[in-house]
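Visitor: Below you will find the structure I want to go over with you.
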Amino acid sequence: MTVESVKPEAPAPASELRVPPLAGGRVPVLGHGLKLVRDPLAFMSGLREHGDVVRLKLGPKTVYAVTTPALTGALALSPDYKIDGPLWESLEGLLGKEGVATANGPRHRRQRRTIQPAFRLDAIPAYGPIMEEEAHALAERWKPGETIECTSESFRVAVRIAARCLLRGEYMDERAERLCVALATVFRGMYRRMVVPLGPLYRLPLPANREFNRALGDLHLLVDEIVAERRASGQKPDDLLTALLEAEDENGDPIGEQEIHDQVVAILTPGSETVASTIMWLLQVLAEHPEHADRVRDEVESVTGGRPVAFEDVRKLTHTNNVVVEAMRLRPAVWILTRRAVTDTELGGYRIPAGADIVYSPYAIQRDARSYADNLEFDPDRWLPERAKDVPKYAMSPFSVGNRKCPSDHFSMAQLSLITAAVATAYRFEQVPGSDDTTRVGITLRPHELLLRPVRR
């Protein structure tokens with residue numbers, strides 16, 4: 001789905017600006033941090049009751065939370081705010097400071113120009129055969145009656161598609177497995193560092209810290225191996241890695257090795273993590289809502305006539321695509337985002353001081369009863385054109401908006417719909433004893449331990 005950009009409304013005069021109200025529930029010393037750690041989804045979802053913009057205390061620090069769709073859109077589109085704050089600071093150890101995910105200003109605009117051709121709408125069909133191959137390989141690898149460990153399976157297919165499409169690697173099998181193991185540990189540690197900023201304590205040689213550092217080191221070593229092998233090969237396939245190796249900076253010089261490294265990390269990791277998390281939720285949806293799984297199967301068969309579903313079929317799979325969108329609404333992989341004010345500014349008539357951190361939750365926005373009838377119900381038909389028009393602007397922005405809009409939105413939607421179509425056509429799914437589909441909160445949202453049994457159709 002797409003979201004149109006609009007200009008934010010003109011700011012109110014400085015004399016009329018208000019101080020945002022302070023959210024309730026803070027405790028001495030920790031402020032609201034204790035609630036954010038204990039039940040972050042419920043805490044963020046309840047903030048709108050306190051106001052459109054509210055102040056939070058995280059220890060001694062004041063953070064501003066934005067709670068309405070209109071203001072999150074204005075925040076994303078305004079030049080008064082940049083990518084920064086606790087989330088991005090916690091991610092710097094993973095993503096670096098020179099990749100497109102964390103860069104700002106002219107560097108970010110140049111990097112977007114470099115990577116954008118790989119994600120143009122007319123470039124996506126070239127990835128179709130790889131997406132098809134991986135989607136069908138996933139379904140064929142599963143055996144009826146055996147237990148599927150959905151975390152590793154989802155990571156594996158997400159990483160393989162990203163690597164094979166964007167880095168054209170013939171050597172990604174073993175590295176994809178390493179990446180999956182490393183990412184699970186790294187993202188768990190990143191979230192802990194974001195919400196519990198203990199600084200020097202994370203440098204102590206404790207078991208959790210050692211595990212985190214080993215995983216982070218392996219991830220960066222993996223990226224260096226990929227870049228070095230491409231350089232040594234002398235090959236220049238038409239892919240994103242070639243574009244990075246041939247990119248120039250603002251002075252016309254080749255970009256530095258650190259920027260190339262950080263860009264590859266930004267390509268492989270956030271996209272793979274968010275797509276994998278969404279695949280897990282889609283598998284959970286197919287098990288929990290067999291009526292929609294059946295509708296997906298019936299739709300695919302009506303389009304394909306019984307042949308294996310192909311990339312070229314995806315645009316015709318209306319209900320399948322709506323199942324994907326509705327899964328992303330209720331269980332967005334990215335559930336929390338932060339920005340930082342670069343100047344004294346305003347948002348919704350409230351004063352926001354320069355340097356202030358702003359936080360908002362797509363999870364809370366996309367589940368708000370003010371925007372959605374039966375807001376907690378899984379209802380893919382709400383995305384049919386005659387009903388989708390009633391959803392407020394910015395109440396559903398799974399790929400963000402403005403100059404930070406995810407460049408891989410069409411790429412991601414294509415693979416998610418194709419995977420959903422392929423597995424739902426082959427199997428029905430049942431959760432098995434020991435499966436835990438409750439939400440695990442980290443940098444992304446995913447089921448704690450989703451275990452499914454495929455049943456051949």
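Following the order of the structure tokens, chains are lettered A, B, ..., residues in each are numbered from 1, and ligands are numbered from 1.
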Env of stretch 389-403 of chain A: 10 Å cut, atoms = only C-alpha atoms, seq-sep filter 3 positions within chain, self excluded. Answer as number ranges by chain.

Guide: A: 1-6, 68-79, 108-109, 112, 325-326, 328-329, 332-335, 337, 362-368, 370-373, 382-386, 406-410, 412

Visitor: Please run DSSP on the backbone and report, as an MDAnalysis selection string, all residues within stretch 283-448 of chain A that come out as strand (DSSP E or B).

Guide: chainID A and resid 334 337:341 345:347 350:352 357:360 427:431 436:441 444:448

Visitor: So which residues touch stretch 448-452 of chain A within 12 Å, counting only C-alpha atoms, skipping near sequence neighbours fewer than 2 positions away, as a PyMOL selection string?

Guide: chain A and resi 142-154+184+277+279-288+427-442+444-446+454-455

Visitor: For the structure I just gave you, how does DSSP split stretch 302-424 of chain A - specifically, which residues are helix (DSSP H, G or I)? Reply as an MDAnalysis selection string.

Guide: chainID A and resid 302:304 311:316 318:330 362:366 380:383 385:388 402:404 409:424
